[in-house]
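So this one's entry_0.txt, compact mmCIF, C-alpha atoms:
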```
# COMPACT_ATOMS: atom_id res chain seq x y z
CA MET A 1 110.51 105.63 111.49
CA PRO A 2 113.61 105.17 113.73
CA ASP A 3 116.67 103.88 111.89
CA ARG A 4 116.71 100.58 113.77
CA ARG A 5 113.11 99.78 112.90
CA ALA A 6 113.73 100.76 109.29
CA THR A 7 116.62 98.27 109.28
CA VAL A 8 114.35 95.62 110.75
CA LEU A 9 111.72 96.16 108.06
CA PHE A 10 114.25 96.27 105.21
CA THR A 11 116.19 93.15 106.19
CA GLN A 12 113.11 91.05 106.91
CA CYS A 13 111.49 92.09 103.63
CA ALA A 14 114.72 91.11 101.84
CA GLY A 15 114.61 87.63 103.35
CA MET A 16 110.95 87.18 102.49
CA PHE A 17 111.60 88.46 98.93
CA LEU A 18 114.03 85.58 98.36
CA VAL A 19 111.48 83.04 99.59
CA GLN A 20 108.71 84.28 97.31
CA LEU A 21 111.04 84.84 94.36
CA ASP A 22 112.10 81.19 94.32
CA VAL A 23 108.47 80.10 94.04
CA THR A 24 108.25 81.49 90.48
CA VAL A 25 111.74 82.31 89.21
CA VAL A 26 112.58 78.71 88.29
CA ASN A 27 109.55 78.11 86.05
CA VAL A 28 110.88 79.91 82.98
CA ALA A 29 114.20 78.03 83.23
CA LEU A 30 112.75 74.50 83.26
CA PRO A 31 113.50 73.70 79.58
CA ASP A 32 117.14 74.77 80.02
CA ILE A 33 117.45 72.86 83.29
CA GLY A 34 116.00 69.72 81.71
CA ALA A 35 118.47 69.88 78.82
CA ALA A 36 121.45 70.54 81.11
CA VAL A 37 120.90 67.87 83.78
CA GLY A 38 118.97 65.31 81.71
CA ALA A 39 115.73 65.67 83.66
CA ASP A 40 112.46 64.28 82.32
CA VAL A 41 109.08 65.95 82.88
CA PRO A 42 108.33 64.33 86.29
CA ALA A 43 111.78 65.34 87.55
CA LEU A 44 111.27 68.90 86.34
CA GLN A 45 107.90 69.00 88.10
CA TRP A 46 109.66 68.12 91.34
CA VAL A 47 112.25 70.84 90.80
CA VAL A 48 109.28 73.16 91.42
CA ASP A 49 107.16 71.03 93.76
CA GLY A 50 110.08 69.86 95.92
CA TYR A 51 110.39 73.47 97.07
CA THR A 52 106.71 74.32 97.42
CA VAL A 53 105.62 71.08 99.15
CA VAL A 54 108.33 71.28 101.83
CA LEU A 55 107.69 75.01 102.27
CA ALA A 56 103.99 74.36 102.86
CA ALA A 57 104.66 71.37 105.14
CA LEU A 58 107.11 73.11 107.49
CA LEU A 59 105.69 76.63 107.72
CA LEU A 60 103.68 75.82 110.83
CA THR A 61 106.82 74.37 112.43
CA GLY A 62 108.78 77.48 111.48
CA GLY A 63 106.19 79.72 113.11
CA ALA A 64 106.20 77.69 116.33
CA LEU A 65 110.00 77.70 116.48
CA ALA A 66 110.00 81.48 116.04
CA ASP A 67 107.88 81.80 119.18
CA VAL A 68 109.85 79.27 121.26
CA LEU A 69 113.43 80.11 120.20
CA GLY A 70 112.98 83.74 119.24
CA PRO A 71 112.34 84.98 115.70
CA ARG A 72 115.83 86.37 115.05
CA ARG A 73 117.49 83.00 115.64
CA VAL A 74 115.01 81.28 113.38
CA VAL A 75 115.45 83.87 110.61
CA LEU A 76 119.25 83.52 110.76
CA ALA A 77 118.99 79.72 110.63
CA GLY A 78 116.60 79.98 107.69
CA LEU A 79 118.94 82.31 105.82
CA GLY A 80 121.89 79.98 106.40
CA ILE A 81 120.00 76.90 105.17
CA PHE A 82 118.51 78.77 102.22
CA GLY A 83 121.87 80.19 101.12
CA ALA A 84 123.68 76.86 101.40
CA ALA A 85 120.90 75.04 99.56
CA SER A 86 120.96 77.68 96.81
CA ALA A 87 124.66 76.98 96.29
CA GLY A 88 123.80 73.27 96.16
CA CYS A 89 121.22 73.96 93.44
CA ALA A 90 123.75 75.94 91.41
CA LEU A 91 126.35 73.14 91.69
CA ALA A 92 123.94 70.22 91.16
CA PRO A 93 125.35 67.75 88.60
CA GLY A 94 122.05 65.99 87.97
CA SER A 95 118.31 66.12 88.54
CA ALA A 96 118.34 64.09 91.79
CA ALA A 97 120.86 66.42 93.41
CA LEU A 98 118.93 69.46 92.17
CA VAL A 99 115.62 68.21 93.61
CA ALA A 100 117.32 67.39 96.94
CA ALA A 101 118.78 70.91 97.11
CA ARG A 102 115.39 72.41 96.27
CA VAL A 103 113.88 70.43 99.17
CA ALA A 104 116.53 71.92 101.47
CA GLN A 105 115.73 75.38 100.08
CA GLY A 106 112.08 74.81 101.01
CA ALA A 107 113.09 73.91 104.59
CA GLY A 108 115.11 77.13 104.91
CA ALA A 109 112.27 79.14 103.41
CA ALA A 110 109.81 77.63 105.91
CA LEU A 111 111.92 79.07 108.73
CA LEU A 112 112.34 82.42 107.00
CA LEU A 113 108.79 83.29 106.04
CA PRO A 114 107.01 83.18 109.44
CA GLY A 115 110.18 84.31 111.21
CA THR A 116 110.41 87.55 109.21
CA LEU A 117 106.78 88.35 109.91
CA ALA A 118 107.21 87.65 113.63
CA VAL A 119 110.22 89.99 113.77
CA ILE A 120 108.24 92.76 112.05
CA THR A 121 105.17 92.42 114.27
CA ARG A 122 107.35 92.58 117.40
CA ALA A 123 109.22 95.63 116.09
CA PHE A 124 105.92 97.44 115.29
CA PRO A 125 103.56 96.60 118.19
CA GLY A 126 101.04 99.42 117.61
CA ARG A 127 98.02 98.49 115.47
CA ARG A 128 98.39 101.36 113.00
CA GLU A 129 102.16 101.19 112.57
CA GLN A 130 101.99 97.40 112.37
CA ALA A 131 99.39 97.55 109.60
CA ARG A 132 101.58 99.98 107.63
CA ALA A 133 104.66 97.77 108.09
CA LEU A 134 102.69 94.72 106.99
CA GLY A 135 101.61 96.68 103.93
CA VAL A 136 105.25 97.19 102.97
CA TRP A 137 105.96 93.50 103.67
CA ALA A 138 103.05 92.44 101.47
CA GLY A 139 104.13 94.83 98.71
CA VAL A 140 107.62 93.34 98.62
CA SER A 141 106.06 89.86 98.59
CA ALA A 142 103.97 90.80 95.58
CA LEU A 143 106.98 92.39 93.90
CA ALA A 144 108.82 89.07 94.19
CA LEU A 145 105.90 87.28 92.55
CA ALA A 146 105.96 89.73 89.66
CA ALA A 147 109.75 89.83 89.38
CA GLY A 148 110.18 86.05 89.27
CA PRO A 149 109.31 85.41 85.61
CA LEU A 150 111.00 88.61 84.39
CA LEU A 151 114.21 88.10 86.37
CA GLY A 152 114.26 84.41 85.54
CA GLY A 153 113.91 85.03 81.82
CA LEU A 154 116.64 87.68 81.87
CA LEU A 155 119.16 85.63 83.87
CA VAL A 156 118.58 82.45 81.89
CA THR A 157 119.07 84.31 78.62
CA VAL A 158 122.20 86.20 79.69
CA THR A 159 124.05 84.00 82.18
CA GLY A 160 122.37 80.58 82.24
CA TRP A 161 120.02 78.81 84.64
CA ARG A 162 122.58 78.24 87.42
CA SER A 163 122.74 81.99 88.02
CA LEU A 164 119.13 81.81 89.30
CA PHE A 165 120.54 80.09 92.38
CA TRP A 166 123.96 81.73 92.64
CA ILE A 167 122.30 85.14 93.03
CA ASN A 168 120.72 83.97 96.30
CA VAL A 169 124.08 83.34 98.00
CA PRO A 170 125.30 86.95 98.38
CA LEU A 171 121.76 88.18 98.99
CA THR A 172 121.25 85.80 101.92
CA ALA A 173 124.62 86.85 103.35
CA LEU A 174 123.60 90.52 103.21
CA ALA A 175 120.20 89.78 104.75
CA ALA A 176 121.87 87.81 107.55
CA ALA A 177 124.27 90.68 108.26
CA GLY A 178 121.31 93.06 108.52
CA THR A 179 119.34 90.63 110.70
CA LEU A 180 122.22 90.53 113.21
CA ARG A 181 121.47 94.22 113.89
CA VAL A 182 117.88 93.35 114.84
CA PRO A 183 117.23 93.12 118.62
CA ALA A 184 117.03 89.47 119.63
CA GLY A 185 113.83 89.89 121.63
CA ARG A 186 112.63 87.53 124.32
CA PRO A 187 111.35 84.11 123.22
CA ALA A 188 108.12 82.81 124.64
CA ALA A 189 108.28 80.24 127.40
CA GLY A 190 107.86 76.68 126.20
CA ARG A 191 109.56 73.90 124.30
CA VAL A 192 109.41 72.42 120.83
CA ASP A 193 106.35 70.22 120.28
CA VAL A 194 108.00 67.22 118.62
CA ALA A 195 104.83 65.15 118.14
CA GLY A 196 102.97 68.10 116.67
CA THR A 197 105.90 68.99 114.42
CA VAL A 198 106.16 65.48 112.96
CA THR A 199 102.44 64.82 112.51
CA GLY A 200 101.66 68.34 111.26
CA ALA A 201 104.45 68.35 108.68
CA THR A 202 103.49 64.84 107.53
CA ALA A 203 99.83 65.83 107.13
CA LEU A 204 100.56 68.96 105.12
CA ALA A 205 103.18 67.33 102.89
CA ALA A 206 101.05 64.26 102.21
CA LEU A 207 97.88 66.22 101.42
CA VAL A 208 99.63 68.64 99.06
CA TYR A 209 101.46 65.73 97.40
CA ALA A 210 98.17 63.82 97.06
CA VAL A 211 96.57 66.65 95.09
CA ILE A 212 99.62 67.30 92.89
CA GLN A 213 100.17 63.60 92.07
CA SER A 214 96.52 62.40 92.40
CA SER A 215 97.74 59.85 94.95
CA VAL A 216 95.11 58.06 97.04
CA PRO A 217 97.64 56.51 99.48
CA ALA A 218 99.11 59.95 100.13
CA ALA A 219 95.63 61.34 100.79
CA VAL A 220 94.92 58.57 103.30
CA LEU A 221 98.26 59.21 105.00
CA GLY A 222 97.53 62.94 105.09
CA VAL A 223 94.12 62.51 106.73
CA ALA A 224 95.52 60.03 109.28
CA ALA A 225 98.39 62.36 110.11
CA ALA A 226 95.99 65.30 110.47
CA VAL A 227 93.89 63.33 112.98
CA ALA A 228 97.08 62.40 114.86
CA PHE A 229 98.15 66.04 114.84
CA LEU A 230 94.91 67.22 116.43
CA ALA A 231 95.14 64.49 119.06
CA ALA A 232 98.76 65.40 119.82
CA GLU A 233 97.91 69.10 120.17
CA ARG A 234 95.09 68.36 122.61
CA ARG A 235 97.41 66.31 124.84
CA SER A 236 100.55 68.42 124.56
CA PRO A 237 101.42 70.71 127.51
CA ALA A 238 103.13 73.06 125.00
CA PRO A 239 101.27 72.59 121.71
CA MET A 240 102.74 73.88 118.46
CA LEU A 241 99.25 75.12 117.49
CA PRO A 242 97.23 75.94 120.60
CA LEU A 243 93.72 74.97 119.53
CA THR A 244 92.35 77.76 121.71
CA LEU A 245 93.59 80.19 119.04
CA LEU A 246 90.92 78.80 116.72
CA ARG A 247 88.27 80.20 119.08
CA SER A 248 89.11 83.64 117.72
CA ARG A 249 86.62 84.21 114.92
CA THR A 250 88.83 86.82 113.33
CA PHE A 251 91.91 84.56 113.34
CA THR A 252 90.07 81.55 111.95
CA ALA A 253 88.18 83.51 109.31
CA ALA A 254 91.30 85.40 108.21
CA ASN A 255 93.14 82.15 107.60
CA LEU A 256 90.24 80.64 105.66
CA VAL A 257 90.13 83.77 103.51
CA ALA A 258 93.93 83.62 103.06
CA GLY A 259 93.61 80.07 101.79
CA ALA A 260 90.81 81.01 99.39
CA MET A 261 92.83 84.01 98.19
CA ASN A 262 95.84 81.93 97.17
CA PHE A 263 93.79 78.99 95.91
CA ALA A 264 92.08 81.13 93.28
CA GLY A 265 94.86 83.71 92.87
CA LEU A 266 97.79 81.37 92.17
CA GLY A 267 95.59 79.04 90.16
CA THR A 268 94.57 81.96 87.95
CA ILE A 269 98.18 83.10 87.52
CA LEU A 270 99.09 79.58 86.31
CA LEU A 271 96.25 79.54 83.77
CA ALA A 272 97.14 83.06 82.62
CA THR A 273 100.71 81.93 81.94
CA LEU A 274 99.52 78.85 80.03
CA TYR A 275 97.01 80.91 78.07
CA LEU A 276 99.58 83.45 76.95
CA GLN A 277 102.30 80.94 76.11
CA GLY A 278 100.21 77.98 74.97
CA VAL A 279 97.32 79.66 73.17
CA HIS A 280 98.94 82.93 72.02
CA HIS A 281 102.45 81.40 71.76
CA ALA A 282 104.13 84.29 73.60
CA THR A 283 107.74 83.81 74.75
CA PRO A 284 108.32 83.60 78.55
CA PRO A 285 109.63 87.21 78.78
CA ALA A 286 106.78 88.46 76.56
CA ALA A 287 104.22 86.59 78.67
CA ALA A 288 105.71 88.06 81.85
CA LEU A 289 105.43 91.57 80.39
CA ALA A 290 101.85 90.93 79.34
CA MET A 291 101.00 89.94 82.91
CA LEU A 292 102.47 93.10 84.45
CA PRO A 293 99.08 94.92 84.54
CA GLY A 294 97.96 92.20 86.94
CA PHE A 295 101.18 91.99 88.93
CA LEU A 296 101.79 95.73 89.38
CA PRO A 297 98.66 96.36 91.51
CA LEU A 298 99.92 93.65 93.85
CA SER A 299 103.06 95.67 94.55
CA LEU A 300 101.66 99.19 94.31
CA LEU A 301 98.50 98.68 96.36
CA ALA A 302 99.96 96.70 99.27
CA PRO A 303 101.45 99.74 101.11
CA VAL A 304 98.23 101.68 100.45
CA THR A 305 96.27 98.72 101.80
CA GLY A 306 98.38 98.83 104.94
CA ARG A 307 97.38 102.45 105.55
CA LEU A 308 93.71 101.72 104.81
CA THR A 309 93.79 98.75 107.18
CA ALA A 310 95.39 100.90 109.87
CA ARG A 311 92.61 103.46 109.53
CA PHE A 312 89.49 101.38 108.90
CA GLY A 313 90.45 97.88 110.07
CA PRO A 314 90.92 94.83 107.84
CA ARG A 315 87.29 93.90 107.22
CA PRO A 316 86.20 96.57 104.68
CA VAL A 317 89.53 96.32 102.82
CA MET A 318 89.26 92.53 102.58
CA ILE A 319 85.67 92.71 101.31
CA ALA A 320 86.65 95.29 98.68
CA GLY A 321 89.51 93.08 97.51
CA LEU A 322 87.38 89.94 97.32
CA LEU A 323 84.59 91.67 95.37
CA THR A 324 87.03 93.34 92.96
CA GLY A 325 88.91 90.08 92.38
CA SER A 326 85.64 88.21 91.81
CA ALA A 327 84.69 90.75 89.13
CA GLY A 328 88.04 90.14 87.46
CA LEU A 329 87.63 86.36 87.54
CA LEU A 330 84.17 86.63 85.99
CA GLY A 331 85.66 88.98 83.39
CA LEU A 332 87.82 86.07 82.20
CA LEU A 333 84.62 84.55 80.80
CA ARG A 334 85.07 87.00 77.88
CA VAL A 335 88.39 85.41 76.96
CA THR A 336 88.36 83.12 73.90
CA ALA A 337 91.02 81.27 71.96
CA THR A 338 90.98 84.02 69.31
CA SER A 339 90.37 87.12 71.42
CA THR A 340 93.17 89.66 71.69
CA ILE A 341 95.26 89.85 74.84
CA THR A 342 94.54 93.55 75.39
CA GLY A 343 90.84 93.36 74.56
CA ALA A 344 89.64 90.65 76.95
CA PHE A 345 92.44 89.15 79.02
CA LEU A 346 94.31 92.18 80.38
CA PRO A 347 91.35 94.11 81.89
CA ALA A 348 90.13 91.00 83.71
CA PHE A 349 93.59 89.98 84.90
CA ALA A 350 94.29 93.53 86.09
CA LEU A 351 91.14 93.42 88.27
CA VAL A 352 92.30 90.13 89.77
CA GLY A 353 95.62 91.85 90.57
CA VAL A 354 93.83 94.78 92.21
CA GLY A 355 91.81 92.35 94.32
CA LEU A 356 94.95 90.52 95.45
CA GLY A 357 96.69 93.83 96.12
CA LEU A 358 93.89 94.90 98.44
CA LEU A 359 93.65 91.53 100.14
CA THR A 360 97.20 90.50 100.98
CA ALA A 361 98.21 92.97 103.70
CA ALA A 362 94.70 93.12 105.19
CA VAL A 363 94.46 89.33 105.52
CA VAL A 364 97.84 89.11 107.28
CA ALA A 365 96.93 92.02 109.60
CA ALA A 366 93.63 90.35 110.51
CA ALA A 367 95.30 87.01 111.29
CA VAL A 368 98.13 88.48 113.38
CA GLY A 369 95.78 90.91 115.12
CA GLY A 370 93.44 88.09 116.09
CA VAL A 371 95.88 86.49 118.58
CA PRO A 372 98.00 87.70 121.54
CA ALA A 373 101.19 89.52 120.57
CA ASP A 374 103.48 86.77 121.92
CA ARG A 375 101.93 84.29 119.45
CA ALA A 376 102.83 86.32 116.37
CA GLY A 377 105.14 83.58 115.11
CA ILE A 378 102.53 80.83 115.16
CA ALA A 379 99.90 83.22 113.78
CA SER A 380 102.22 83.99 110.88
CA GLY A 381 102.99 80.29 110.45
CA VAL A 382 99.31 79.35 110.27
CA ASN A 383 98.52 82.19 107.87
CA ASN A 384 101.43 81.41 105.56
CA THR A 385 100.65 77.68 105.75
CA ALA A 386 97.09 78.37 104.66
CA ARG A 387 98.32 80.53 101.80
CA GLN A 388 101.09 78.23 100.55
CA ALA A 389 99.22 74.93 100.94
CA CYS A 390 96.03 76.26 99.37
CA GLY A 391 98.07 77.95 96.65
CA ALA A 392 99.64 74.60 95.74
CA LEU A 393 96.18 73.00 95.79
CA GLY A 394 94.78 75.79 93.62
CA ILE A 395 97.55 75.37 91.04
CA ALA A 396 96.91 71.63 90.87
CA THR A 397 93.11 72.04 90.74
CA PHE A 398 93.00 74.83 88.16
CA GLY A 399 95.58 73.01 86.03
CA ALA A 400 93.48 69.83 86.09
CA ILE A 401 90.29 71.73 85.20
CA ALA A 402 91.82 73.60 82.25
CA GLY A 403 93.93 70.81 80.80
CA SER A 404 96.52 71.32 78.09
CA PRO A 405 96.69 74.56 76.05
CA ALA A 406 97.65 72.40 73.07
CA ARG A 407 93.87 72.12 72.61
CA PRO A 408 92.96 75.82 72.75
CA ALA A 409 89.16 75.52 72.64
CA ALA A 410 89.03 72.91 75.42
CA PHE A 411 91.58 74.85 77.46
CA VAL A 412 89.58 78.08 77.28
CA HIS A 413 86.44 76.20 78.30
CA GLY A 414 88.34 74.87 81.32
CA LEU A 415 89.66 78.39 82.03
CA HIS A 416 86.06 79.64 82.19
CA ALA A 417 85.06 76.82 84.59
CA ALA A 418 88.04 77.56 86.85
CA ALA A 419 87.22 81.29 86.82
CA VAL A 420 83.64 80.61 87.94
CA LEU A 421 84.93 78.34 90.72
CA GLY A 422 87.38 81.00 91.88
CA ALA A 423 84.77 83.77 91.80
CA ALA A 424 82.30 81.66 93.80
CA LEU A 425 85.00 80.90 96.37
CA TRP A 426 85.95 84.58 96.74
CA LEU A 427 82.32 85.69 97.04
CA ALA A 428 81.80 83.12 99.81
CA ALA A 429 84.98 84.46 101.46
CA ALA A 430 83.51 87.99 101.30
CA VAL A 431 80.42 86.79 103.17
CA LEU A 432 82.61 85.08 105.78
CA THR A 433 84.69 88.24 106.18
CA ALA A 434 81.59 90.38 106.73
CA ALA A 435 80.31 87.94 109.36
CA ALA A 436 83.47 87.16 111.31
CA VAL A 437 86.49 89.40 110.73
CA GLY A 438 86.86 92.27 113.16
CA ARG A 439 84.36 90.89 115.63
CA PRO A 440 85.36 89.86 119.18
```

Do you think you could lay out the structure here as structure tokens?
Amino acid sequence: MPDRRATVLFTQCAGMFLVQLDVTVVNVALPDIGAAVGADVPALQWVVDGYTVVLAALLLTGGALADVLGPRRVVLAGLGIFGAASAGCALAPGSAALVAARVAQGAGAALLLPGTLAVITRAFPGRREQARALGVWAGVSALALAAGPLLGGLLVTVTGWRSLFWINVPLTALAAAGTLRVPAGRPAAGRVDVAGTVTGATALAALVYAVIQSSVPAAVLGVAAAVAFLAAERRSPAPMLPLTLLRSRTFTAANLVAGAMNFAGLGTILLATLYLQGVHHATPPAAALAMLPGFLPLSLLAPVTGRLTARFGPRPVMIAGLLTGSAGLLGLLRVTATSTITGAFLPAFALVGVGLGLLTAAVVAAAVGGVPADRAGIASGVNNTARQACGALGIATFGAIAGSPARPAAFVHGLHAAAVLGAALWLAAAVLTAAAVGRP
């Protein structure tokens, strides 16, 4: 590819890598963080959730801003906020300051994630080249997911937990320098939809918070805000989410499948971590290594998936991923509290990884390809919102179903129930894909 477009792809993948890395890299450091800043268990939970909830709540806003202001501006703003917030995390003297900085990190990440995808889709307008570029983007995303626990364990052991955040500062500076070489592009006509931004962010944040904390008032607030959001979008002359986009069967179905993918996928990754560390008592680095057979297909297959999607379209690739992942989830029914990791767990978890590796790039390509090119930012925002919000819901749901690994037999029973739920959801998504994706 031309040098400039290679620079575009590299820099935007680097920014997205940081966003995805910070979803998982902190988990292995939580005991050290708690001891250092005097944080109790609820505070430590919000060290993780403060980032993910704000990321999920503001992704739609980030996608809309990328369309209105231009994706390069939004990416640069996201990098600046993310880098400054990372320094704030590293310097935090206590748990309250750390959670506040993590919230700011989530806001920067919400600008970065849809902005990077909008830049890439504008730089690669052709269907085939765009699918290949999205395959690379998805592969780097998956690599960040796999690298998080390994890198986190290594940095915490060698240099301490604050280095998890310090490392972001020079990386964001380098990504910003590369982004400045990206053509600015022409923003779409329109203005920021303030009412939609406020009500949409409130709805997403409240609903995700309600599931994580089992809060009825938050659920009521979330539903009310969602109704207000829909009403605001119908009245707005420049809506953040044009409801006409939902008339595209491919766009709507791709986002439903994206939500199902992360709901079951991230929920399964959580239970796999708890199973290895809580039932088999593996150390965090050892557990991360044991999960590599599931994580590696995510990284290795994504570029291949991009080429397959470019050649055959997203529908057959998505169906193959959903069926393969469902087989892996049902394979977890062979896992017991006394079974060996290699005998039962690894083959099933590897199939789940293959399914996710096939799905990720194809789902994004279907969603972006289902709308006009000048709405790539909002398409990316909706797709990433579906993935992040449903991922947070899946983690909370699967965790509640399985319970504590301190009771291995009960935990494994819950693991089986969650696996059946995930497989049923993915099989239903396969039917939806066959019926709707790729059709006019």

Which neighbours of Phe345 of chain A fall inside 12 Å, counting only C-alpha atoms, when residues of the same chain fewer than 2 positions from it are skipped, and could you give them as an mmCIF file with C-alpha atoms, in the coordinates of the input?
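Saved result, around-v1.cif, follows:
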```cif
data_model
loop_
_atom_site.group_PDB
_atom_site.id
_atom_site.type_symbol
_atom_site.label_atom_id
_atom_site.label_comp_id
_atom_site.auth_asym_id
_atom_site.auth_seq_id
_atom_site.Cartn_x
_atom_site.Cartn_y
_atom_site.Cartn_z
ATOM 1 C CA THR A 268 94.570 81.960 87.950
ATOM 2 C CA ILE A 269 98.180 83.100 87.520
ATOM 3 C CA LEU A 271 96.250 79.540 83.770
ATOM 4 C CA ALA A 272 97.140 83.060 82.620
ATOM 5 C CA THR A 273 100.710 81.930 81.940
ATOM 6 C CA TYR A 275 97.010 80.910 78.070
ATOM 7 C CA LEU A 276 99.580 83.450 76.950
ATOM 8 C CA HIS A 280 98.940 82.930 72.020
ATOM 9 C CA ALA A 290 101.850 90.930 79.340
ATOM 10 C CA MET A 291 101.000 89.940 82.910
ATOM 11 C CA PRO A 293 99.080 94.920 84.540
ATOM 12 C CA GLY A 294 97.960 92.200 86.940
ATOM 13 C CA GLY A 328 88.040 90.140 87.460
ATOM 14 C CA LEU A 329 87.630 86.360 87.540
ATOM 15 C CA LEU A 330 84.170 86.630 85.990
ATOM 16 C CA GLY A 331 85.660 88.980 83.390
ATOM 17 C CA LEU A 332 87.820 86.070 82.200
ATOM 18 C CA LEU A 333 84.620 84.550 80.800
ATOM 19 C CA ARG A 334 85.070 87.000 77.880
ATOM 20 C CA VAL A 335 88.390 85.410 76.960
ATOM 21 C CA THR A 336 88.360 83.120 73.900
ATOM 22 C CA ALA A 337 91.020 81.270 71.960
ATOM 23 C CA THR A 338 90.980 84.020 69.310
ATOM 24 C CA SER A 339 90.370 87.120 71.420
ATOM 25 C CA THR A 340 93.170 89.660 71.690
ATOM 26 C CA ILE A 341 95.260 89.850 74.840
ATOM 27 C CA THR A 342 94.540 93.550 75.390
ATOM 28 C CA GLY A 343 90.840 93.360 74.560
ATOM 29 C CA PRO A 347 91.350 94.110 81.890
ATOM 30 C CA ALA A 348 90.130 91.000 83.710
ATOM 31 C CA PHE A 349 93.590 89.980 84.900
ATOM 32 C CA ALA A 350 94.290 93.530 86.090
ATOM 33 C CA LEU A 351 91.140 93.420 88.270
ATOM 34 C CA VAL A 352 92.300 90.130 89.770
ATOM 35 C CA VAL A 412 89.580 78.080 77.280
ATOM 36 C CA LEU A 415 89.660 78.390 82.030
ATOM 37 C CA HIS A 416 86.060 79.640 82.190
#
```

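Between atom CA of Thr116 of chain A and atom CA of Thr309 of chain A the interatomic distance comes to 20.1 Å.
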
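When only C-alpha atoms are used to measure the gap to Arg247 of chain A, the shortest distance among A:Val371, A:Ile81, A:Ala396, A:Leu266 belongs to A:Val371.
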
Which residues come within 9 Å of Gly196 of chain A, counting all atoms listed in the file, excluding same-chain residues fewer than 5 positions away, as a list in words? Thr61, Ala201, Ala228, Phe229, Leu230, Ala231, Ala232, Glu233, Ser236, Pro239, Met240 and Leu241 of chain A

Residues as selected, C-alpha atoms, written as a short mmCIF file (atom, residue, chain, number, x, y, z; two decimals), keeping the file's coordinate frame, can you do that?
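Okay, part_16.cif is ready:
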```
data_model
loop_
_atom_site.label_atom_id
_atom_site.label_comp_id
_atom_site.auth_asym_id
_atom_site.auth_seq_id
_atom_site.Cartn_x
_atom_site.Cartn_y
_atom_site.Cartn_z
CA THR A 61 106.82 74.37 112.43
CA ALA A 201 104.45 68.35 108.68
CA ALA A 228 97.08 62.40 114.86
CA PHE A 229 98.15 66.04 114.84
CA LEU A 230 94.91 67.22 116.43
CA ALA A 231 95.14 64.49 119.06
CA ALA A 232 98.76 65.40 119.82
CA GLU A 233 97.91 69.10 120.17
CA SER A 236 100.55 68.42 124.56
CA PRO A 239 101.27 72.59 121.71
CA MET A 240 102.74 73.88 118.46
CA LEU A 241 99.25 75.12 117.49
#
```

Please produce, as CSV, a per-residue contact table for segment 67-164 of chain A versus segment 31-38 of chain A (criterion: any atom at most 12 Å away, all atoms listed in the file considered), showing the nearest atom pair and its distance in Å to one decimal, sorted by chain then residue number.
```
residue,atom,partner,partner_atom,distance
A:Cys89,CA,A:Ile33,CA,10.9
A:Ala90,CA,A:Ile33,CA,10.7
A:Leu91,CA,A:Val37,CA,11.0
A:Ala92,CA,A:Val37,CA,8.3
A:Pro93,CA,A:Val37,CA,6.6
A:Gly94,CA,A:Val37,CA,4.7
A:Ser95,CA,A:Val37,CA,5.7
A:Ala96,CA,A:Val37,CA,9.2
A:Ala97,CA,A:Val37,CA,9.7
A:Leu98,CA,A:Val37,CA,8.8
A:Val99,CA,A:Val37,CA,11.2
A:Gly152,CA,A:Asp32,CA,11.5
A:Gly153,CA,A:Asp32,CA,10.9
A:Leu155,CA,A:Asp32,CA,11.7
A:Val156,CA,A:Asp32,CA,8.0
A:Thr157,CA,A:Asp32,CA,9.8
A:Thr159,CA,A:Asp32,CA,11.7
A:Gly160,CA,A:Asp32,CA,8.1
A:Trp161,CA,A:Ile33,CA,6.6
A:Arg162,CA,A:Ile33,CA,8.5
A:Ser163,CA,A:Ile33,CA,11.6
A:Leu164,CA,A:Ile33,CA,10.9
```

Where atoms are missing, can you supply N, CA, C and O atoms for segment 66-71 of chain A and output the lot as a PDB file, in the frame of the given file?
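The resulting file, out-v1.pdb, is reproduced below:
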```
ATOM      1  N   ALA A  66     109.758  80.046 115.863  1.00  0.00           N
ATOM      2  CA  ALA A  66     110.000  81.480 116.040  1.00  0.00           C
ATOM      3  C   ALA A  66     109.505  81.961 117.394  1.00  0.00           C
ATOM      4  O   ALA A  66     110.135  82.819 118.028  1.00  0.00           O
ATOM      5  N   ASP A  67     108.394  81.409 117.865  1.00  0.00           N
ATOM      6  CA  ASP A  67     107.880  81.800 119.180  1.00  0.00           C
ATOM      7  C   ASP A  67     108.707  81.219 120.310  1.00  0.00           C
ATOM      8  O   ASP A  67     108.961  81.881 121.320  1.00  0.00           O
ATOM      9  N   VAL A  68     109.154  79.957 120.174  1.00  0.00           N
ATOM     10  CA  VAL A  68     109.850  79.270 121.260  1.00  0.00           C
ATOM     11  C   VAL A  68     111.312  79.711 121.360  1.00  0.00           C
ATOM     12  O   VAL A  68     111.833  79.961 122.454  1.00  0.00           O
ATOM     13  N   LEU A  69     111.996  79.813 120.214  1.00  0.00           N
ATOM     14  CA  LEU A  69     113.430  80.110 120.200  1.00  0.00           C
ATOM     15  C   LEU A  69     113.737  81.584 120.004  1.00  0.00           C
ATOM     16  O   LEU A  69     114.872  82.007 120.210  1.00  0.00           O
ATOM     17  N   GLY A  70     112.754  82.351 119.583  1.00  0.00           N
ATOM     18  CA  GLY A  70     112.980  83.740 119.240  1.00  0.00           C
ATOM     19  C   GLY A  70     113.083  83.902 117.731  1.00  0.00           C
ATOM     20  O   GLY A  70     113.778  83.122 117.068  1.00  0.00           O
ATOM     21  N   PRO A  71     112.396  84.884 117.161  1.00  0.00           N
ATOM     22  CA  PRO A  71     112.340  84.980 115.700  1.00  0.00           C
ATOM     23  C   PRO A  71     113.684  85.276 115.047  1.00  0.00           C
ATOM     24  O   PRO A  71     113.934  84.813 113.933  1.00  0.00           O
TER      25      PRO A  71
END
```
